[in-house]
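Novice: This is the structure I want to talk about, given as structure tokens.
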Amino acid sequence: MNYWHNTKLKILNFTHCDMDGAAAGIVIKNYFNDVITESINYSAEYTILQKMIKYNDQFDAVIFTDFCPCNLTEVKAFGKPVLVLDHHESAVKYNNPKEFVYVCPGHCGAKLALTYFNHDDCLKHLTEFIEIVNDFDLYLLKDPRSKCFNSLYWDMGFNWFMNRFYNGDIELSKAEKAFLVRKQKDFKKHYDQLEISELKNGGVFCYSEKYISEITDALRNEGYKWVVIYRPGYLSVRSSDDSNINLVEVAKIVGKGGGHEHAIGIPQEKDQLDALIAKVDDAVDTYLKLKTNPPSDEFMNKLKGM
């Protein structure tokens with residue numbers, strides 16, 4: 001039997017702090033009998049080893065879902081088995097199935113976790129719920145419920161979401177539906193007062209601690225090709241499908257952050273906000289120029305030899 005298919009293992013689960021990560025955490029909690037769940041983002045990787053030390057006597061193995069730490073070598077050196085189930089394009093370089101590191105961009109993190117653990121349909125009660133999450137996280141948006149679920153996640157929080165959808169019950173209550181209606185009205189007021197600044201190449205910047213997805217959609221509908229939204233300590237960057245902007249490549253130019261082709265997060269860390277926004281703006285410009293006029297093979301060979 002696969003080591004990871006032992007439901008009696010005590011698991012420390014680090015999972016991304018968004019709807020997909022919470023849904024992946026639900027999969028892990030449904031499969032294993034004893035799970036400690038820790039939500040995490042890409043600016044908090046330094047806390048992983050601290051928490052492993054903290055919980056050392058309480059877990060047998062570590063599972064990362066919807067998240068692949070860049071300090072994976074150090075994590076493995078801790079001495080306990082590690083499984084990674086991630087789907088972010090920026091983490092593909094870590095893919096190593098022989099070492100139980102799976103980075104598969106074709107599905108969201110929760111669907112990848114469900115696929116890995118749903119042998120003999122033991123988790124089939126979560127299937128429709130995970131498909132809703134997958135629809136939003138990959139930004140397919142073919143299921144109108146997915147935006148509603150994401151709204152509930154961001155307003156109610158990580159722990160609420162995990163408890164609410166733990167059993168895969170996707171039928172929203174009257175109170176939840178009424179809340180979503182009120183939220184849409186509140187969003188319109190918020191958006192009407194939003195201050196925006198235009199960036200190069202059809203980009204736009206604004207500040208908001210809430211309504212990230214809704215603001216992104218609204219600004220795209222106004223014709224902007226890429227959007228930067230600042231919330232304290234973090235930039236959420238999104239690009240439209242027709243923008244020809246691969247944000248994973250942009251993150252590489254910036255030198256930090258990661259995510260998907262059309263959606264990345266960049267931690268602010270110690271950067272001044274204006275300087276970081278300018279850096280992202282310039283990185284998009286650089287990416288588009290390189291894409292239009294890629295450097296010659298001769299130049300790239302010289303660069304590699306430097």
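Residue numbering restarts at 1 for every chain of the structure tokens, chains are lettered A, B, ... in their displayed order, and ligands are numbered from 1 as they appear.
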Pull the closest atom pair for each residue of segment 249-284 of chain A that gets at most 12 Å from segment 105-122 of chain A, along with the distance in Å to one decimal, counting only C-alpha atoms, ordering rows by chain and then ascending residue number, as JSON lines.
Specialist:
```
{"residue": "A:Gly259", "atom": "CA", "partner": "A:Pro105", "partner_atom": "CA", "distance": 10.1}
{"residue": "A:His260", "atom": "CA", "partner": "A:Pro105", "partner_atom": "CA", "distance": 8.3}
{"residue": "A:Glu261", "atom": "CA", "partner": "A:Pro105", "partner_atom": "CA", "distance": 10.0}
```
Novice: Got time to write the residues from that selection, all heavy atoms, as an mmCIF file, in the first residue's frame?
Specialist:
```cif
data_model
loop_
_atom_site.group_PDB
_atom_site.id
_atom_site.type_symbol
_atom_site.label_atom_id
_atom_site.label_comp_id
_atom_site.auth_asym_id
_atom_site.auth_seq_id
_atom_site.Cartn_x
_atom_site.Cartn_y
_atom_site.Cartn_z
ATOM 1 N N GLY A 259 2.716 32.003 -8.801
ATOM 2 C CA GLY A 259 1.314 31.619 -8.916
ATOM 3 C C GLY A 259 1.031 30.990 -10.263
ATOM 4 O O GLY A 259 1.693 30.035 -10.670
ATOM 5 N N HIS A 260 0.082 31.574 -10.989
ATOM 6 C CA HIS A 260 -0.371 31.037 -12.266
ATOM 7 C C HIS A 260 -0.045 32.003 -13.408
ATOM 8 O O HIS A 260 0.348 33.147 -13.179
ATOM 9 C CB HIS A 260 -1.878 30.803 -12.241
ATOM 10 C CG HIS A 260 -2.338 29.986 -11.087
ATOM 11 N ND1 HIS A 260 -2.080 28.641 -10.980
ATOM 12 C CD2 HIS A 260 -3.052 30.326 -9.981
ATOM 13 C CE1 HIS A 260 -2.614 28.187 -9.859
ATOM 14 N NE2 HIS A 260 -3.205 29.182 -9.233
ATOM 15 N N GLU A 261 -0.285 31.543 -14.614
ATOM 16 C CA GLU A 261 -0.014 32.370 -15.786
ATOM 17 C C GLU A 261 -0.733 33.715 -15.720
ATOM 18 O O GLU A 261 -0.181 34.745 -16.100
ATOM 19 C CB GLU A 261 -0.422 31.619 -17.056
ATOM 20 C CG GLU A 261 -0.160 32.401 -18.339
ATOM 21 C CD GLU A 261 -0.543 31.628 -19.588
ATOM 22 O OE1 GLU A 261 -0.967 30.457 -19.465
ATOM 23 O OE2 GLU A 261 -0.434 32.197 -20.692
#
```
Novice: Mind running segment 93-175 of chain A against segment 217-223 of chain A at 12 Å and telling me each contacting residue's nearest atom pair with the distance in Å (one decimal), counting only C-alpha atoms, chain and number ascending, as a tab-separated table?
Specialist:
```
residue	atom	partner	partner_atom	distance
A:Tyr139	CA	A:Asp217	CA	10.9
A:Leu141	CA	A:Asp217	CA	11.3
A:Lys147	CA	A:Asp217	CA	10.8
```
Novice: Write to file, as an mmCIF file, in the first residue's frame, the residues of the selection just made, with all heavy atoms.
Specialist:
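As a result, result-v7.cif now contains:
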```
data_model
loop_
_atom_site.group_PDB
_atom_site.id
_atom_site.type_symbol
_atom_site.label_atom_id
_atom_site.label_comp_id
_atom_site.auth_asym_id
_atom_site.auth_seq_id
_atom_site.Cartn_x
_atom_site.Cartn_y
_atom_site.Cartn_z
ATOM 1 N N TYR A 139 -10.001 29.826 -13.003
ATOM 2 C CA TYR A 139 -10.709 30.927 -13.624
ATOM 3 C C TYR A 139 -11.418 30.517 -14.914
ATOM 4 O O TYR A 139 -11.436 31.234 -15.913
ATOM 5 C CB TYR A 139 -9.782 32.114 -13.866
ATOM 6 C CG TYR A 139 -10.430 33.414 -13.458
ATOM 7 C CD1 TYR A 139 -10.729 33.659 -12.116
ATOM 8 C CD2 TYR A 139 -10.786 34.372 -14.397
ATOM 9 C CE1 TYR A 139 -11.357 34.832 -11.721
ATOM 10 C CE2 TYR A 139 -11.416 35.544 -14.021
ATOM 11 C CZ TYR A 139 -11.707 35.768 -12.681
ATOM 12 O OH TYR A 139 -12.340 36.923 -12.303
ATOM 13 N N LEU A 141 -14.749 29.733 -14.785
ATOM 14 C CA LEU A 141 -15.989 30.474 -14.550
ATOM 15 C C LEU A 141 -17.157 29.981 -15.402
ATOM 16 O O LEU A 141 -17.955 30.762 -15.913
ATOM 17 C CB LEU A 141 -15.753 31.973 -14.782
ATOM 18 C CG LEU A 141 -14.643 32.612 -13.924
ATOM 19 C CD1 LEU A 141 -14.578 34.105 -14.170
ATOM 20 C CD2 LEU A 141 -14.843 32.313 -12.452
ATOM 21 N N LYS A 147 -17.992 31.723 -8.040
ATOM 22 C CA LYS A 147 -17.740 33.075 -7.545
ATOM 23 C C LYS A 147 -18.400 33.272 -6.180
ATOM 24 O O LYS A 147 -17.854 33.951 -5.310
ATOM 25 C CB LYS A 147 -18.251 34.119 -8.533
ATOM 26 C CG LYS A 147 -17.369 34.312 -9.754
ATOM 27 C CD LYS A 147 -17.866 35.488 -10.573
ATOM 28 C CE LYS A 147 -16.945 35.752 -11.759
ATOM 29 N NZ LYS A 147 -17.388 36.934 -12.544
#
```
Novice: Name the closest residue to Phe149 of chain A among the candidates A:Leu247, A:Val133, A:Leu288, A:Met162; distances are taken between atoms, counting only C-alpha atoms.
Specialist: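 Ranked by minimum distance to Phe149 of chain A, first place goes to A:Val133.
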Novice: If DSSP is run on the backbone, what residues of segment 71-286 of chain A are strand (DSSP E or B)? A reply as a ChimeraX atom specification would be ideal.
Specialist: /A:82-86,96,101-103,196-199,203-207,226-231,234-239,258-260,263-267
Novice: Rank A:Met52, A:Val75, A:Ile215, A:Val254 by their smallest atom-to-atom distance to Val284 of chain A, using only C-alpha atoms, and report the top residue only.
Specialist: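 Checking each of A:Met52, A:Val75, A:Ile215, A:Val254 against Val284 of chain A, counting only C-alpha atoms, the winner is A:Val254.
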Novice: So which residues touch Asp143 of chain A within 10 Å, counting only C-alpha atoms, skipping near sequence neighbours fewer than 2 positions away, as a ChimeraX atom specification?
Specialist: /A:131-136,140-141,145-148
Novice: Skipping near chain neighbours, those fewer than 2 positions away, what residues fall within 9 Å of Tyr207 of chain A using only C-alpha atoms, listed as a VMD selection string?
Specialist: chain A and resid 194 to 196 205 209 228 to 232
Novice: For Pro97 of chain A, work out the shell of residues within 12 Å, counting only C-alpha atoms and skipping chain neighbours fewer than 2 positions away, then give it as a ChimeraX atom specification.
Specialist: /A:82-86,92-95,99-104
Novice: Measuring between only C-alpha atoms, which one of A:Leu199, A:Leu12, A:Met156, A:Val248 shows the shortest distance to Asn56 of chain A?
Specialist: A:Leu12
